[in-house]
file data_39.cif (mmCIF, C-alpha atoms and all ligand atoms)
data_structure
loop_
_atom_site.group_PDB
_atom_site.id
_atom_site.type_symbol
_atom_site.label_atom_id
_atom_site.label_comp_id
_atom_site.auth_asym_id
_atom_site.auth_seq_id
_atom_site.Cartn_x
_atom_site.Cartn_y
_atom_site.Cartn_z
ATOM 1 C CA ILE Q 190 -12.124 -34.043 -2.717
ATOM 2 C CA GLN Q 191 -13.528 -32.851 0.577
ATOM 3 C CA VAL Q 192 -12.519 -29.436 1.815
ATOM 4 C CA VAL Q 193 -13.477 -27.842 5.097
ATOM 5 C CA PHE Q 194 -14.227 -24.172 5.674
ATOM 6 C CA ILE Q 195 -14.425 -22.835 9.200
ATOM 7 C CA ASP Q 196 -15.893 -19.378 9.538
ATOM 8 C CA SER Q 197 -14.753 -16.708 11.963
ATOM 9 C CA ALA Q 198 -17.435 -17.812 14.433
ATOM 10 C CA GLY Q 199 -16.105 -21.376 14.369
ATOM 11 C CA GLU Q 200 -18.850 -22.913 12.254
ATOM 12 C CA ARG Q 201 -17.570 -25.774 10.119
ATOM 13 C CA ARG Q 202 -18.743 -26.515 6.591
ATOM 14 C CA GLU Q 203 -17.554 -29.522 4.632
ATOM 15 C CA VAL Q 204 -17.744 -29.150 0.868
ATOM 16 C CA SER Q 205 -17.291 -31.701 -1.920
ATOM 17 C CA SER Q 206 -15.245 -30.469 -4.826
ATOM 18 C CA GLN Q 207 -13.818 -31.723 -8.090
ATOM 19 C CA GLU Q 208 -10.170 -32.069 -8.962
ATOM 20 C CA GLY Q 209 -9.050 -29.021 -10.925
ATOM 21 C CA GLN Q 210 -11.538 -26.659 -9.342
ATOM 22 C CA SER Q 211 -10.115 -23.818 -7.360
ATOM 23 C CA LEU Q 212 -10.756 -23.624 -3.653
ATOM 24 C CA MET Q 213 -12.643 -20.382 -4.322
ATOM 25 C CA GLU Q 214 -14.937 -22.123 -6.849
ATOM 26 C CA ALA Q 215 -15.595 -24.942 -4.421
ATOM 27 C CA ALA Q 216 -16.612 -22.392 -1.786
ATOM 28 C CA THR Q 217 -18.791 -20.197 -3.965
ATOM 29 C CA MET Q 218 -20.572 -23.147 -5.622
ATOM 30 C CA ALA Q 219 -21.414 -24.521 -2.204
ATOM 31 C CA GLY Q 220 -22.543 -21.117 -0.949
ATOM 32 C CA VAL Q 221 -19.891 -20.895 1.745
ATOM 33 C CA PRO Q 222 -20.172 -17.426 3.255
ATOM 34 C CA GLY Q 223 -17.132 -15.221 3.748
ATOM 35 C CA ILE Q 224 -15.547 -15.640 0.311
ATOM 36 C CA ASP Q 225 -16.485 -12.636 -1.791
ATOM 37 C CA ALA Q 226 -14.282 -13.350 -4.831
ATOM 38 C CA ASP Q 227 -15.196 -10.036 -6.434
ATOM 39 C CA CYS Q 228 -12.912 -10.538 -9.419
ATOM 40 C CA GLY Q 229 -14.188 -14.024 -10.185
ATOM 41 C CA GLY Q 230 -10.852 -15.726 -9.756
ATOM 42 C CA ALA Q 231 -8.575 -13.454 -11.770
ATOM 43 C CA CYS Q 232 -6.206 -12.922 -8.839
ATOM 44 C CA ALA Q 233 -7.161 -9.245 -8.891
ATOM 45 C CA CYS Q 234 -9.222 -8.545 -5.791
ATOM 46 C CA ALA Q 235 -7.889 -10.364 -2.706
ATOM 47 C CA THR Q 236 -11.442 -10.894 -1.423
ATOM 48 C CA CYS Q 237 -11.098 -14.661 -1.592
ATOM 49 C CA GLN Q 238 -8.513 -14.701 1.174
ATOM 50 C CA VAL Q 239 -8.503 -17.740 3.447
ATOM 51 C CA TYR Q 240 -6.281 -18.743 6.338
ATOM 52 C CA VAL Q 241 -4.830 -22.150 5.640
ATOM 53 C CA ASP Q 242 -4.224 -24.442 8.614
ATOM 54 C CA ALA Q 243 -0.503 -24.752 9.255
ATOM 55 C CA ILE Q 244 -0.430 -28.512 8.642
ATOM 56 C CA TRP Q 245 -1.736 -28.000 5.105
ATOM 57 C CA LEU Q 246 0.517 -25.138 4.064
ATOM 58 C CA PRO Q 247 3.460 -27.333 2.982
ATOM 59 C CA LEU Q 248 1.204 -29.239 0.563
ATOM 60 C CA LEU Q 249 0.143 -26.147 -1.346
ATOM 61 C CA PRO Q 250 2.051 -24.765 -4.289
ATOM 62 C CA PRO Q 251 4.137 -21.741 -3.311
ATOM 63 C CA VAL Q 252 2.541 -18.301 -3.388
ATOM 64 C CA GLY Q 253 2.829 -16.946 -6.920
ATOM 65 C CA GLU Q 254 4.045 -13.464 -7.733
ATOM 66 C CA GLY Q 255 0.571 -12.164 -8.593
ATOM 67 C CA GLU Q 256 -0.926 -13.765 -5.521
ATOM 68 C CA SER Q 257 1.782 -12.307 -3.333
ATOM 69 C CA SER Q 258 1.189 -8.769 -4.556
ATOM 70 C CA MET Q 259 -2.599 -9.114 -4.184
ATOM 71 C CA LEU Q 260 -2.196 -10.402 -0.633
ATOM 72 C CA GLU Q 261 -0.618 -7.050 0.210
ATOM 73 C CA PHE Q 262 -4.123 -5.635 -0.140
ATOM 74 C CA ALA Q 263 -5.874 -8.342 1.817
ATOM 75 C CA ALA Q 264 -7.497 -7.373 5.102
ATOM 76 C CA ASN Q 265 -5.931 -8.897 8.229
ATOM 77 C CA ARG Q 266 -3.329 -10.867 6.369
ATOM 78 C CA GLN Q 267 -1.849 -13.679 8.457
ATOM 79 C CA ASP Q 268 0.952 -16.209 8.051
ATOM 80 C CA GLY Q 269 -1.340 -18.781 6.487
ATOM 81 C CA SER Q 270 -3.121 -16.323 4.196
ATOM 82 C CA ARG Q 271 -3.699 -17.522 0.644
ATOM 83 C CA LEU Q 272 -6.019 -16.533 -2.158
ATOM 84 C CA ALA Q 273 -8.526 -19.333 -2.568
ATOM 85 C CA CYS Q 274 -8.807 -18.746 -6.318
ATOM 86 C CA GLN Q 275 -5.123 -19.593 -6.711
ATOM 87 C CA ILE Q 276 -5.370 -22.990 -5.015
ATOM 88 C CA ARG Q 277 -6.174 -25.823 -7.450
ATOM 89 C CA LEU Q 278 -7.716 -28.799 -5.766
ATOM 90 C CA ALA Q 279 -6.010 -32.131 -6.225
ATOM 91 C CA PRO Q 280 -6.424 -35.494 -4.484
ATOM 92 C CA ASN Q 281 -3.543 -34.809 -2.117
ATOM 93 C CA LEU Q 282 -5.555 -31.897 -0.724
ATOM 94 C CA ASP Q 283 -8.458 -34.081 0.390
ATOM 95 C CA GLY Q 284 -9.365 -32.825 3.851
ATOM 96 C CA LEU Q 285 -7.842 -29.375 3.332
ATOM 97 C CA THR Q 286 -9.042 -27.126 6.119
ATOM 98 C CA VAL Q 287 -9.104 -23.337 5.952
ATOM 99 C CA THR Q 288 -10.632 -20.555 8.001
ATOM 100 C CA THR Q 289 -12.467 -17.692 6.355
ATOM 101 C CA PRO Q 290 -11.782 -14.164 7.591
ATOM 102 C CA GLU Q 291 -14.433 -12.219 9.466
ATOM 103 C CA PHE Q 292 -14.473 -9.721 6.603
ATOM 104 C CA GLN Q 293 -12.559 -9.464 3.345
ATOM 105 C CA PHE Q 294 -11.723 -5.765 3.288
HETATM 106 FE FE1 LIG Q 301 -10.260 -12.240 -6.757
HETATM 107 FE FE2 LIG Q 301 -9.258 -14.518 -5.838
HETATM 108 S S1 LIG Q 301 -11.249 -14.147 -6.522
HETATM 109 S S2 LIG Q 301 -8.247 -12.642 -6.075
#
call {"tool": "encode", "arguments": {"input": "data_39.cif", "output": "C-alpha cells", "more": "lines below"}}
Ligand code: FES
result
Amino acid sequence: IQVVFIDSAGERREVSSQEGQSLMEAATMAGVPGIDADCGGACACATCQVYVDAIWLPLLPPVGEGESSMLEFAANRQDGSRLACQIRLAPNLDGLTVTTPEFQF
C-alpha cells in the first residue's frame, strides 16, 4: 500500500506500507519528518496530526471519540485533520495522500 506524505514546504515522499499498519507507523518507519507521535500511537498526544486530502476523507473510518477529543489539542487543526495513528491502512487506501503540518504543537 503506497501512501504519500507532502510536507509543509511541498516536498513529496512516497512510502510503502503494510496492510494493518497505522499511517503513523508507516511514516515513522520510513523516517518521514513532521510526525512526532510522542505517545507512540496511544491516541494520547495529537502530535501525529496530518491533513488528509479532501478526496480521501470519505474513505477513512469516521473520527473516533478519543481521536476527536485529542484533535482539540492539535496545533492548527483543519477540516481534514486526522491522527495518523488512528488510521489503519487497507488496500482501498492505496495512494492515500496527506500533508504534514509545519509543526505539531
Ligand atoms: Fe499520539 Fe497519535 S501518536 S495521538
call {"tool": "atom_distance", "arguments": {"input": "data_39.cif", "atom1": "atom CA of Q:Thr289", "atom2": "atom CA of Q:Gly230"}}
result
16.3 Å
call {"tool": "residues_near_ligand", "arguments": {"input": "data_39.cif", "ligand": "ligand LIG 301 (chain Q)", "cutoff": "6 Å", "atoms": "only C-alpha atoms and all ligand atoms", "output": "PyMOL selection string"}}
result
chain Q and resi 226-237+272-274
call {"tool": "axis_aligned_box", "arguments": {"input": "data_39.cif", "around": "stretch 263-274 of chain Q", "padding_each_side": "8 Å", "output": "JSON"}}
result
{"center_x": -3.9, "center_y": -13.4, "center_z": 1.1, "size_x": 25.8, "size_y": 28.0, "size_z": 30.8}
call {"tool": "residues_around", "arguments": {"input": "data_39.cif", "residues": "Q:Pro250", "least_positions_apart": "6", "cutoff": "10 Å", "atoms": "all atoms listed in the file", "output": "ChimeraX atom specification"}}
result
/Q:275-277
call {"tool": "write_last_selection", "arguments": {"input": "data_39.cif", "atoms": "C-alpha atoms", "output": "short mmCIF file (atom, residue, chain, number, x, y, z; two decimals), in the frame of the given file"}}
result
data_model
loop_
_atom_site.label_atom_id
_atom_site.label_comp_id
_atom_site.auth_asym_id
_atom_site.auth_seq_id
_atom_site.Cartn_x
_atom_site.Cartn_y
_atom_site.Cartn_z
CA GLN Q 275 -5.12 -19.59 -6.71
CA ILE Q 276 -5.37 -22.99 -5.01
CA ARG Q 277 -6.17 -25.82 -7.45
#
call {"tool": "residues_around", "arguments": {"input": "data_39.cif", "residues": "stretch 258-267 of chain Q", "least_positions_apart": "2", "cutoff": "6 Å", "atoms": "only C-alpha atoms", "output": "list in words"}}
result
Ala235, Gly255, Glu256, Gly269, Ser270, Gln293 and Phe294 of chain Q
call {"tool": "resolve_selection", "arguments": {"input": "data_39.cif", "expression": "the PyMOL selection byres (((chain Q and resi 223) around 8) and not hetatm)", "output": "PyMOL selection string"}}
result
chain Q and resi 196+221-222+224-225+289-293
call {"tool": "closest_residue", "arguments": {"input": "data_39.cif", "among": "Q:Val239, Q:Ile195, Q:Ile244, Q:Leu278", "to": "Q:Gln210", "atoms": "all atoms listed in the file"}}
result
Q:Leu278
call {"tool": "resolve_selection", "arguments": {"input": "data_39.cif", "expression": "the PyMOL selection byres (((chain Q and resi 241) around 7) and not hetatm)", "output": "list in words"}}
result
Val239, Tyr240, Asp242, Ala243, Trp245, Leu246, Gly269, Ser270, Arg271, Thr286, Val287 and Thr288 of chain Q
call {"tool": "atom_distance", "arguments": {"input": "data_39.cif", "atom1": "atom CA of Q:Ser206", "atom2": "atom CA of Q:Val192"}}
result
7.3 Å
call {"tool": "resolve_selection", "arguments": {"input": "data_39.cif", "expression": "the PyMOL selection byres (((chain Q and resi 279) around 9) and not hetatm)", "output": "short mmCIF file (atom, residue, chain, number, x, y, z; two decimals) with C-alpha atoms, in the coordinates of the input"}}
result
data_model
loop_
_atom_site.label_atom_id
_atom_site.label_comp_id
_atom_site.auth_asym_id
_atom_site.auth_seq_id
_atom_site.Cartn_x
_atom_site.Cartn_y
_atom_site.Cartn_z
CA ILE Q 190 -12.12 -34.04 -2.72
CA GLN Q 207 -13.82 -31.72 -8.09
CA GLU Q 208 -10.17 -32.07 -8.96
CA GLY Q 209 -9.05 -29.02 -10.92
CA GLN Q 210 -11.54 -26.66 -9.34
CA ARG Q 277 -6.17 -25.82 -7.45
CA LEU Q 278 -7.72 -28.80 -5.77
CA PRO Q 280 -6.42 -35.49 -4.48
CA ASN Q 281 -3.54 -34.81 -2.12
CA LEU Q 282 -5.56 -31.90 -0.72
CA ASP Q 283 -8.46 -34.08 0.39
#
call {"tool": "atom_distance", "arguments": {"input": "data_39.cif", "atom1": "atom CA of Q:Ala219", "atom2": "atom CA of Q:Val204"}}
result
6.7 Å
call {"tool": "decode", "arguments": {"input": "data_39.cif", "residues": "stretch 198-212 of chain Q", "atoms": "C-alpha atoms", "output": "PDB file, in the first residue's frame"}}
result
ATOM      1  CA  ALA Q 198       7.228  23.001   2.125  1.00  0.00           C
ATOM      2  CA  GLY Q 199       5.582  20.899  -0.585  1.00  0.00           C
ATOM      3  CA  GLU Q 200       8.116  18.081  -0.664  1.00  0.00           C
ATOM      4  CA  ARG Q 201       6.525  14.758  -1.561  1.00  0.00           C
ATOM      5  CA  ARG Q 202       7.528  11.422  -0.065  1.00  0.00           C
ATOM      6  CA  GLU Q 203       6.019   8.143  -1.188  1.00  0.00           C
ATOM      7  CA  VAL Q 204       6.136   5.368   1.387  1.00  0.00           C
ATOM      8  CA  SER Q 205       5.377   1.650   1.088  1.00  0.00           C
ATOM      9  CA  SER Q 206       3.370   0.247   3.943  1.00  0.00           C
ATOM     10  CA  GLN Q 207       1.746  -2.989   5.013  1.00  0.00           C
ATOM     11  CA  GLU Q 208      -1.941  -3.609   5.469  1.00  0.00           C
ATOM     12  CA  GLY Q 209      -2.837  -3.238   9.138  1.00  0.00           C
ATOM     13  CA  GLN Q 210      -0.103  -0.747   9.909  1.00  0.00           C
ATOM     14  CA  SER Q 211      -1.209   2.651  11.029  1.00  0.00           C
ATOM     15  CA  LEU Q 212      -0.450   5.659   8.893  1.00  0.00           C
TER      16      LEU Q 212
END
